[in-house]
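Trainee: Provided herewith: input34.csv, CSV, C-alpha atoms.
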```
chain,number,residue,atom,x,y,z
Q,132,MET,CA,-3.6,-5.8,38.5
Q,133,ALA,CA,-3.7,-9.2,36.7
Q,134,THR,CA,-6.9,-8.1,35.0
Q,135,GLN,CA,-5.3,-4.9,33.7
Q,136,ALA,CA,-2.3,-6.9,32.4
Q,137,ARG,CA,-4.6,-9.2,30.5
Q,138,ARG,CA,-6.5,-6.3,29.1
Q,139,ASP,CA,-3.3,-4.6,28.0
Q,140,LEU,CA,-2.0,-7.8,26.4
Q,141,ARG,CA,-5.3,-8.3,24.5
Q,142,HIS,CA,-5.2,-4.7,23.3
Q,143,TRP,CA,-1.6,-5.1,22.1
Q,144,GLN,CA,-2.5,-8.4,20.3
Q,145,MET,CA,-5.5,-6.7,18.6
Q,146,LYS,CA,-3.4,-3.8,17.4
Q,147,ARG,CA,-0.7,-6.2,16.2
Q,148,ARG,CA,-3.3,-8.2,14.2
Q,149,GLU,CA,-4.7,-5.0,12.7
Q,150,ARG,CA,-1.2,-3.9,11.6
Q,151,THR,CA,-0.4,-7.4,10.2
Q,152,HIS,CA,-3.7,-7.3,8.2
Q,153,GLU,CA,-2.8,-3.8,6.9
Q,154,LEU,CA,0.6,-5.0,5.8
Q,155,ILE,CA,-0.8,-8.0,4.0
Q,156,GLU,CA,-3.2,-5.8,2.2
Q,157,LEU,CA,-0.5,-3.5,1.1
Q,158,GLY,CA,1.7,-6.3,-0.1
Q,159,GLY,CA,-1.3,-7.6,-2.0
Q,160,LEU,CA,-1.6,-4.3,-3.9
Q,161,ILE,CA,2.1,-4.6,-4.9
Q,162,ALA,CA,1.4,-8.1,-6.2
Q,163,LYS,CA,-1.9,-7.1,-7.9
Q,164,ALA,CA,-0.1,-4.3,-9.8
Q,165,GLY,CA,2.2,-6.9,-11.2
Q,166,LEU,CA,5.3,-5.2,-9.7
Q,167,VAL,CA,6.9,-8.4,-8.3
Q,168,GLU,CA,7.1,-10.0,-11.8
Q,169,LEU,CA,8.0,-6.7,-13.6
Q,170,ILE,CA,11.1,-6.2,-11.3
Q,171,ASP,CA,12.0,-9.8,-10.9
Q,172,ASP,CA,11.3,-9.6,-7.2
Q,173,ASP,CA,14.1,-7.0,-6.7
Q,174,ARG,CA,13.2,-5.4,-3.5
Q,175,ALA,CA,15.8,-2.6,-3.9
Q,176,VAL,CA,14.0,-1.5,-7.1
Q,177,LEU,CA,10.7,-1.7,-5.3
Q,178,TYR,CA,12.0,0.4,-2.4
Q,179,GLY,CA,13.5,2.9,-4.8
Q,180,ALA,CA,10.2,3.2,-6.6
Q,181,MET,CA,8.4,3.8,-3.3
Q,182,LEU,CA,10.9,6.5,-2.5
Q,183,GLU,CA,10.1,8.2,-5.8
Q,184,VAL,CA,6.4,8.0,-5.0
Q,185,ALA,CA,7.1,9.6,-1.6
Q,186,ALA,CA,9.2,12.4,-3.3
Q,187,ALA,CA,6.4,13.1,-5.7
Q,188,LEU,CA,4.0,13.4,-2.8
Q,189,ARG,CA,6.3,15.9,-1.1
Q,190,SER,CA,6.5,18.0,-4.2
Q,191,GLU,CA,4.4,21.0,-5.3
Q,192,ARG,CA,2.6,18.6,-7.7
Q,193,ARG,CA,1.1,16.5,-4.9
Q,194,ASP,CA,-2.5,17.3,-5.7
Q,195,GLN,CA,-2.2,16.6,-9.4
Q,196,VAL,CA,-0.2,13.3,-8.8
Q,197,LEU,CA,-2.7,12.1,-6.2
Q,198,ALA,CA,-5.7,12.8,-8.5
Q,199,LEU,CA,-4.0,11.0,-11.4
Q,200,TRP,CA,-3.0,8.0,-9.3
Q,201,ARG,CA,-6.5,7.9,-7.7
Q,202,ARG,CA,-8.2,7.8,-11.1
Q,203,ARG,CA,-5.9,5.1,-12.4
Q,204,GLY,CA,-6.3,3.0,-9.3
Q,205,LYS,CA,-10.1,3.3,-9.3
Q,206,ARG,CA,-10.2,2.3,-13.0
Q,207,ALA,CA,-7.9,-0.7,-12.3
Q,208,PHE,CA,-10.1,-1.8,-9.3
Q,209,ALA,CA,-13.2,-1.4,-11.5
Q,210,SER,CA,-11.8,-3.4,-14.4
Q,211,SER,CA,-12.3,-7.1,-14.6
Q,212,ASP,CA,-8.6,-7.6,-15.3
Q,213,SER,CA,-7.0,-5.4,-12.6
Q,214,ALA,CA,-4.1,-7.8,-12.2
Q,215,THR,CA,-2.4,-6.3,-15.2
Q,216,VAL,CA,-1.1,-2.8,-15.5
Q,217,PRO,CA,-2.8,-0.9,-18.4
Q,218,ASP,CA,-0.6,0.1,-21.3
Q,219,PRO,CA,0.5,3.8,-20.8
Q,220,GLU,CA,-0.3,4.5,-24.5
Q,221,THR,CA,-4.0,3.6,-24.0
Q,222,ARG,CA,-4.6,6.0,-21.1
```
Mind turning this structure into structure tokens?
Mentor:
Amino acid sequence: MATQARRDLRHWQMKRRERTHELIELGGLIAKAGLVELIDDDRAVLYGAMLEVAAALRSERRDQVLALWRRRGKRAFASSDSATVPDPETR
């Protein structure tokens, strides 16, 4: 029984570390996009923006929106200066 309890605890700890790592990576993407500075670290604005993203993904335009965002994201990752958001006029 003690062995099972240790195994369960270890499993829980591993899952917790994986989740923590995932959250850190997601936060890093927010910082990498420059959003923290652009919104002056206003978390209500960031949350509102994420709600808009979720609404767009629930809409009939889901496939088009995903394709557009995926292209932009891949370009930003590939660029040497992906810490800055490209000017919308140059897209």
Trainee: Can you pull out the residues contacting stretch 151-163 of chain Q? Cut-off 12 Å, using only C-alpha atoms, and skip same-chain residues under 3 positions away; I want them as a PyMOL selection string.
Mentor: chain Q and resi 144-148+166-172+174+177-178+180-181+204+207-208+212-216
Trainee: Tell me, in Å to one decimal, how far atom CA of Q:Ala133 is from atom CA of Q:Arg150.
Mentor: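 Interatomic distance here is 25.8 Å.
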Trainee: To one decimal in Å, tell me the separation between atom CA of Q:Lys205 and atom CA of Q:Ala175.
Mentor: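 Atom CA of Q:Ala175 lies at a distance of 27.1 Å from atom CA of Q:Lys205.
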Trainee: Using all atoms listed in the file for the distances, tell me which of Q:Ala136, Q:Trp143, Q:Val196, Q:Arg206 is nearest to Q:Glu183.
Mentor: Q:Val196
Trainee: One number please: atom CA of Q:Val176 to atom CA of Q:Ala209, in Å, one decimal.
Mentor: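 Separation between atom CA of Q:Val176 and atom CA of Q:Ala209: 27.6 Å.
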